[in-house]
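Data block below; observations after.
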Amino acid sequence: MSLRRRIFRILGMAIVIIAFAGYFAFSTFFFSPLEGDFEFGLATLVPRDVDFFIAKSDLEDEFDEFPILAITEDLGATRAGRTFFESDTWLQFRSDYDIDTQIQKLEEALAKAPIAVDPLGLFGGKDLVLAGYFRSSELSKADFIALGRTNWMGKMGQSALSYPSLLGLEAQGITVEEANGVISLSGGSLPRAMHIARIKDVLIVGSDHALVLGAIDLEAKRGQDSFGQSSRYADYIVNRANREPGDIELFVDHDAVMANRVRFGHTLWTGDVPAASSDSFTPSFLSHIGQAALLKELEGVIGFEGGLAIDLHADISTEKLNSRQKRFYRIGGFNREEMNKVADMAPADTGFLAYMQADVADILRMILESAEPALQANFHDLVRSVWSYQDGTTLFDDLSSGLKNRMALIVRANDYPEEGENGPPHDNTPTFSWAVVGWVKNEAALNEFRSKIISNQGRFLISGRESGEKGVFTNDLRQSGMVVYEYWSTFVPGTGHISSVIANDIFIIGNHHKLLESILLTKLNDSKHPSLSDEAAFSSLVSLGLNNASGFAFLNPGVIGDTMRSIAYDAASKSVDINWKLERPRITNLVLKNSFGGKREEDLDPVERGAFDRALQNSIDDFQNAYLAENVGTLNDAYSRNITYVEAIKAGLFEVALDPKRIDLSLRTIIPIAPGK
């Protein structure tokens with residue numbers, strides 16, 4: 001053998017020996033470079049009985065470059081995004097939490113690292129789980145475990161904790177202890193002890209030693225008795241229909257939240273959501289259907305692919321349901337075919353469509369109980385005077401006898417042409433055009449109700465153009481062969497009338513007879529009146545929702561945006577109070593001084609009086625317009641911003657399925673993220 005070959009042979013053997021020794025040394029002191037990844041889901045390392053669980057996969061895909069979210073640039077190019085980023089709310093948030101400085105510090109720290117560091121590669125970028133137990137009312141005292149996939153640098157860092165002097169931990173006053181594969185850190189600047197372990201490529205960090213050790217035990221038992229192998233995780237999270245791989249997985253034991261009287265910020269969670277005591281109609285009404293206090297546990301998924309998507313399941317405490325809720329929850333639901341039948345009668349430009357199956361009397365009672373006390377009192381007085389009932393709600397039972405247990409609400413823009421002298425007198429209050437649809441069970445009961453109204457027009461504030469004239473009129477709809485009744489009243493905002501019609505199997509009541517006509521023609525498949533069921537957005541959302549539901553609500557903000565802005569401006573204007581007791585005398589004196597030589601009002605002759613009245617009214621109008629422009633602007637801007645956020649949604653569908661033992665919720669929205677949207 002030549003000398004050269006002998007040298008190469010020796011060098012080769014040396015390299016093999018060094019590599020072999022290096023491998024064993026590295027494996028001994030750090031980790032095996034050849035070890036594989038943990039092959040199961042991280043939920044199999046979480047105890048079955050945790051109080052909360054949240055997980056996200058592919059988190060690294062949500063960032064262009066950490067910590068900048070990938071969606072930030074696209075969102076900033078949309079109208080809603082620009083509005084939000086320019087709002088005082090966002091600017092104040094950035095200031096309060098010093099967001100820009102924190103991002104800058106993080107970027108500087110990453111730049112100073114000796115090698116390029118990807119925080120999401122170190123922990124949680126591919127899979128991330130946070131779970132644990134509520135231990136008191138303070139969320140900060142909850143025992144938690146965090147699990148995340150890591151790369152070789154994360155593995156190296158975890159292994160290096162076994163050599164605290166290497167990392168300078170002792171100099172920082174941090175004590176390091178190791179037992180049963182768990183490294184515990186305490187002292188120094190740590191607010192509480194942290195316990196760290198690793199299973200292959202899964203890094204585990206927890207506030208409780210037993211939780212971290214439990215993850216190791218669950219791995220040894222191949223996930224037996226873990227949250228990941230529970231039926232609720234499989235049925236309502238993993239196998240949820242239409243879920244995307246990157247959806248957020250969520251579970252909360254609501255009984256544990258209530259038992260520990262958990263606080264969110266400074267607010268004690270009582271389960272009173274929606275609030276029964278609210279002065280606003282909507283939360284008060286919804287509280288009659290159900291509140292968070294009914295829930296035992298909640299699980300599901302949340303996604304953001306193409307818009308917001310939420311699917312949640314909740315077991316409920318049946319014993320907490322009142323008698324009305326038990327009736328409400330026991331009524332059977334409907335399938336997608338039934339949803340499309342309801343949408344068949346809604347015009348294609350419907351902005352809001354809601355439908356539910358429930359006893360009509362129960363719904364009307366919930367509406368009345370959610371109204372202002374003065375309105376409730378007036379209603380009871382009216383019913384006593386017309387029907388001689390001791391309790392006004394008895395009338396609801398009469399109406400329920402004429403209608404089946406289902407109702408729909410259709411809302412669109414009130415953009416119908418003015419009818420001039422042929423139409424009812426009305427104010428200029430901005431309003432939607434709305435119609436409530438019921439399904440007829442006993443037409444005679446409905447006709448009797450209509451007769452009572454017609455024969456008591458004065459009590460219902462119904463009148464014609466002149467006081468004392470009749471205010472009930474009929475319209476024959478030639479195309480549909482139906483008769484629409486109009487009840488004129490200047491107390492009906494915006495339209496000045498309420499209309500109703502009984503058309504075969506349905507009863508419709510609304511605030512514009514043109515909408516009722518449109519609904520009837522749409523239901524009859526008139527070619528000039530396309531239906532909502534033909535709209536692609538509606539069909540798409542229905543196909544992604546629940547197979548069976550008890551109620552649904554569809555929203556298309558784009559077609560009612562202008563109306564919402566008009567209503568918002570009117571609300572802002574009415575919320576600004578002008579002290580007319582002070583301002584009217586002041587304006588009167590100015591008009592007399594500037595235009596009538598300072599005369600007193602009572603000294604004006606008849607000709608001057610007419611001119612004065614006109615001048616005074618013009619001055620009052622000018623003052624009011626200027627005052628409102630100055631004071632309403634800020635409030636109206638806030639309303640307009642919220643409307644802009646809503647308009648970012650092209651379409652949305654919310655569904656709920658009720659059962660005495662459980663509730664299922666589904667929300668789907670289409671939110672196009674493109675410039676100008």
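Convention: chains lettered A, B, ... in structure tokens order; per-chain residue numbering from 1; ligands numbered from 1 as shown.
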
Check your understanding: Contacts of A:Gly558 at 9 Å or less, counting only C-alpha atoms, minus same-chain residues fewer than 2 places along, as a ChimeraX atom specification?
Key -> /A:351,556,560-562,646-651

Output N, CA and C atoms for every residue in that selection, as a short mmCIF file (atom, residue, chain, number, x, y, z; two decimals), in the first residue's frame.
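Result went into part.cif, see below:
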data_model
loop_
_atom_site.label_atom_id
_atom_site.label_comp_id
_atom_site.auth_asym_id
_atom_site.auth_seq_id
_atom_site.Cartn_x
_atom_site.Cartn_y
_atom_site.Cartn_z
N GLY A 351 -81.47 43.28 2.30
CA GLY A 351 -80.28 43.56 3.09
C GLY A 351 -80.17 42.70 4.32
N ASN A 556 -76.63 41.33 4.05
CA ASN A 556 -75.94 41.84 2.86
C ASN A 556 -75.83 43.36 3.03
N ILE A 560 -77.81 48.10 1.83
CA ILE A 560 -78.50 48.95 2.80
C ILE A 560 -77.53 49.93 3.47
N GLY A 561 -76.32 50.04 2.93
CA GLY A 561 -75.31 50.91 3.52
C GLY A 561 -75.74 52.37 3.57
N ASP A 562 -76.29 52.88 2.45
CA ASP A 562 -76.72 54.28 2.41
C ASP A 562 -77.83 54.54 3.43
N VAL A 646 -68.80 47.22 8.88
CA VAL A 646 -69.83 46.23 8.53
C VAL A 646 -69.87 46.03 7.01
N GLU A 647 -69.70 47.12 6.27
CA GLU A 647 -69.77 47.04 4.80
C GLU A 647 -68.60 46.25 4.21
N ALA A 648 -67.56 46.01 5.00
CA ALA A 648 -66.46 45.18 4.52
C ALA A 648 -66.93 43.75 4.28
N ILE A 649 -68.05 43.39 4.92
CA ILE A 649 -68.63 42.05 4.73
C ILE A 649 -69.50 42.06 3.47
N LYS A 650 -69.15 41.25 2.50
CA LYS A 650 -69.98 41.14 1.30
C LYS A 650 -71.29 40.45 1.64
N ALA A 651 -71.22 39.42 2.47
CA ALA A 651 -72.42 38.70 2.91
C ALA A 651 -72.08 37.89 4.15
#

Point to revise | stretch 488-586 of chain A: residues DSSP assigns to strand (DSSP E or B), reported as JSON, numbers by chain | key: {"A": [488, 497, 498, 499, 500, 501, 502, 503, 506, 507, 508, 509, 510, 531, 548, 549, 551, 552, 553, 554, 555]}

Review point. Do you know which residues are at most 7 Å from A:Ser666 counting only C-alpha atoms, after dropping those on the same chain fewer than 4 positions away, and could you put them as JSON, numbers by chain?
Key: {"A": [310, 311, 312, 545, 546, 654, 655, 656]}

**Study point:** Closest of A:Ala361, A:Ala444, A:Leu147, A:Leu169 to A:Ile196 - atom-to-atom distances counting only C-alpha atoms
**Key:**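 Of all the options, A:Leu147 lies closest to A:Ile196.
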
6 Å contact set for stretch 36-52 of chain A, only C-alpha atoms, chain neighbours under 6 positions out, as an mmCIF file with N, CA and C atoms, in the first residue's frame:
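Result saved to result_23.cif:
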data_model
loop_
_atom_site.group_PDB
_atom_site.id
_atom_site.type_symbol
_atom_site.label_atom_id
_atom_site.label_comp_id
_atom_site.auth_asym_id
_atom_site.auth_seq_id
_atom_site.Cartn_x
_atom_site.Cartn_y
_atom_site.Cartn_z
ATOM 1 N N ALA A 131 -53.276 25.293 26.958
ATOM 2 C CA ALA A 131 -54.358 24.652 27.705
ATOM 3 C C ALA A 131 -54.074 24.755 29.189
ATOM 4 N N GLY A 132 -55.085 24.475 30.006
ATOM 5 C CA GLY A 132 -54.843 24.517 31.444
ATOM 6 C C GLY A 132 -56.100 24.553 32.275
ATOM 7 N N TYR A 133 -55.948 25.045 33.505
ATOM 8 C CA TYR A 133 -57.029 25.053 34.491
ATOM 9 C C TYR A 133 -57.168 26.442 35.105
ATOM 10 N N LYS A 200 -39.326 14.904 21.415
ATOM 11 C CA LYS A 200 -38.882 15.007 20.024
ATOM 12 C C LYS A 200 -38.910 16.471 19.577
ATOM 13 N N ASP A 201 -39.774 16.836 18.605
ATOM 14 C CA ASP A 201 -39.769 18.224 18.131
ATOM 15 C C ASP A 201 -40.811 19.086 18.830
ATOM 16 N N ALA A 215 -47.768 15.549 30.413
ATOM 17 C CA ALA A 215 -47.616 15.452 28.962
ATOM 18 C C ALA A 215 -46.656 14.324 28.598
ATOM 19 N N LEU A 218 -48.524 11.093 29.073
ATOM 20 C CA LEU A 218 -49.495 10.866 28.001
ATOM 21 C C LEU A 218 -48.806 10.396 26.730
ATOM 22 N N GLY A 223 -51.280 8.817 24.165
ATOM 23 C CA GLY A 223 -52.424 9.723 24.176
ATOM 24 C C GLY A 223 -53.670 9.215 24.858
ATOM 25 N N ASP A 225 -56.526 8.719 27.364
ATOM 26 C CA ASP A 225 -57.099 9.634 28.367
ATOM 27 C C ASP A 225 -56.684 11.089 28.144
ATOM 28 N N SER A 226 -56.272 11.412 26.940
ATOM 29 C CA SER A 226 -55.907 12.795 26.633
ATOM 30 C C SER A 226 -57.099 13.555 26.063
ATOM 31 N N PHE A 227 -56.991 14.873 26.044
ATOM 32 C CA PHE A 227 -58.026 15.707 25.424
ATOM 33 C C PHE A 227 -58.134 15.385 23.936
ATOM 34 N N GLY A 228 -57.001 15.098 23.307
ATOM 35 C CA GLY A 228 -56.990 14.810 21.877
ATOM 36 C C GLY A 228 -57.715 13.547 21.494
ATOM 37 N N PHE A 251 -61.780 25.325 23.094
ATOM 38 C CA PHE A 251 -62.621 24.655 24.093
ATOM 39 C C PHE A 251 -62.565 25.448 25.394
ATOM 40 N N VAL A 252 -63.724 25.647 26.024
ATOM 41 C CA VAL A 252 -63.802 26.308 27.325
ATOM 42 C C VAL A 252 -64.827 25.563 28.176
ATOM 43 N N ASP A 253 -64.426 25.190 29.385
ATOM 44 C CA ASP A 253 -65.359 24.622 30.350
ATOM 45 C C ASP A 253 -66.034 25.799 31.054
#

Practice item. Can you pull out every residue within 9 Å of A:Gly307, counting only C-alpha atoms, but drop anything in the same chain fewer than 3 positions away, and send it as JSON, numbers by chain? Key: {"A": [303, 304, 649, 668, 669, 670, 671, 672, 673]}

Skip A:Gly392 itself and residues of its chain fewer than 3 positions away, then list as an mmCIF file with N, CA and C atoms, in the first residue's frame all residues within 12 Å of it, counting only C-alpha atoms.
data_model
loop_
_atom_site.group_PDB
_atom_site.id
_atom_site.type_symbol
_atom_site.label_atom_id
_atom_site.label_comp_id
_atom_site.auth_asym_id
_atom_site.auth_seq_id
_atom_site.Cartn_x
_atom_site.Cartn_y
_atom_site.Cartn_z
ATOM 1 N N ALA A 361 -96.804 33.437 19.948
ATOM 2 C CA ALA A 361 -97.145 34.120 21.200
ATOM 3 C C ALA A 361 -95.899 34.327 22.057
ATOM 4 N N LEU A 364 -93.830 37.190 20.512
ATOM 5 C CA LEU A 364 -94.434 38.501 20.755
ATOM 6 C C LEU A 364 -94.283 38.923 22.213
ATOM 7 N N ARG A 365 -94.375 37.979 23.126
ATOM 8 C CA ARG A 365 -94.172 38.315 24.538
ATOM 9 C C ARG A 365 -92.733 38.763 24.790
ATOM 10 N N LEU A 368 -92.368 42.304 23.490
ATOM 11 C CA LEU A 368 -92.991 43.283 24.383
ATOM 12 C C LEU A 368 -92.167 43.483 25.650
ATOM 13 N N GLU A 369 -91.684 42.410 26.232
ATOM 14 C CA GLU A 369 -90.909 42.512 27.473
ATOM 15 C C GLU A 369 -89.570 43.218 27.263
ATOM 16 N N GLN A 376 -94.822 49.381 26.741
ATOM 17 C CA GLN A 376 -95.555 48.243 27.299
ATOM 18 C C GLN A 376 -96.876 48.690 27.923
ATOM 19 N N ALA A 377 -96.829 49.780 28.706
ATOM 20 C CA ALA A 377 -98.041 50.278 29.364
ATOM 21 C C ALA A 377 -99.078 50.717 28.343
ATOM 22 N N ASN A 378 -98.637 51.429 27.293
ATOM 23 C CA ASN A 378 -99.567 51.875 26.249
ATOM 24 C C ASN A 378 -100.206 50.694 25.535
ATOM 25 N N PHE A 379 -99.415 49.644 25.304
ATOM 26 C CA PHE A 379 -99.951 48.459 24.637
ATOM 27 C C PHE A 379 -101.046 47.799 25.483
ATOM 28 N N HIS A 380 -100.780 47.627 26.763
ATOM 29 C CA HIS A 380 -101.774 46.997 27.637
ATOM 30 C C HIS A 380 -103.051 47.835 27.696
ATOM 31 N N ASP A 381 -102.906 49.148 27.769
ATOM 32 C CA ASP A 381 -104.083 50.022 27.803
ATOM 33 C C ASP A 381 -104.895 49.891 26.526
ATOM 34 N N LEU A 382 -104.200 49.840 25.378
ATOM 35 C CA LEU A 382 -104.885 49.722 24.093
ATOM 36 C C LEU A 382 -105.661 48.414 24.006
ATOM 37 N N VAL A 383 -105.025 47.319 24.383
ATOM 38 C CA VAL A 383 -105.686 46.012 24.292
ATOM 39 C C VAL A 383 -106.883 45.949 25.233
ATOM 40 N N ARG A 384 -106.757 46.521 26.414
ATOM 41 C CA ARG A 384 -107.887 46.517 27.356
ATOM 42 C C ARG A 384 -109.069 47.290 26.789
ATOM 43 N N SER A 385 -108.780 48.410 26.116
ATOM 44 C CA SER A 385 -109.865 49.232 25.593
ATOM 45 C C SER A 385 -110.531 48.629 24.367
ATOM 46 N N VAL A 386 -109.789 47.889 23.544
ATOM 47 C CA VAL A 386 -110.341 47.328 22.303
ATOM 48 C C VAL A 386 -110.863 45.909 22.499
ATOM 49 N N TRP A 387 -110.085 45.078 23.191
ATOM 50 C CA TRP A 387 -110.464 43.668 23.330
ATOM 51 C C TRP A 387 -111.041 43.336 24.714
ATOM 52 N N SER A 388 -110.944 44.271 25.643
ATOM 53 C CA SER A 388 -111.453 44.079 27.014
ATOM 54 C C SER A 388 -110.722 42.967 27.754
ATOM 55 N N TYR A 389 -109.481 42.679 27.360
ATOM 56 C CA TYR A 389 -108.678 41.691 28.080
ATOM 57 C C TYR A 389 -108.050 42.349 29.316
ATOM 58 N N LEU A 395 -103.869 38.812 23.955
ATOM 59 C CA LEU A 395 -104.065 39.009 22.521
ATOM 60 C C LEU A 395 -103.070 38.181 21.717
ATOM 61 N N PHE A 396 -101.872 37.983 22.262
ATOM 62 C CA PHE A 396 -100.857 37.205 21.552
ATOM 63 C C PHE A 396 -101.309 35.767 21.328
ATOM 64 N N ASP A 397 -102.073 35.237 22.287
ATOM 65 C CA ASP A 397 -102.588 33.875 22.119
ATOM 66 C C ASP A 397 -103.584 33.810 20.967
ATOM 67 N N ASP A 398 -104.381 34.892 20.811
ATOM 68 C CA ASP A 398 -105.323 34.942 19.687
ATOM 69 C C ASP A 398 -104.569 34.934 18.358
#

Exercise for review: Skip stretch 62-66 of chain A itself and residues of its chain fewer than 5 positions away, then list as number ranges by chain all residues within 8 Å of it, counting only C-alpha atoms.
Suggested key: A: 71, 118-120

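The shortest atom-to-atom distance to A:Asp613, with only C-alpha atoms taken into account, belongs to A:Leu592 out of A:Ile54, A:Val182, A:Leu628, A:Leu592.
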
Review point. Please, which residues of stretch 137-322 of chain A, numbered as in this document, come out helix (DSSP H, G or I) from DSSP, as a VMD selection string?
Key: chain A and resid 139 to 141 152 to 160 164 to 167 170 to 172 209 to 220 227 to 229 231 to 238 254 to 259 281 to 289 292 to 294 318 to 320

Check your understanding: What separation in Å, quoted to one decimal, exists between atom CA of A:Ala193 and atom CA of A:Ser207?
Key ->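 Calculated distance between atom CA of A:Ala193 and atom CA of A:Ser207 is 6.2 Å.
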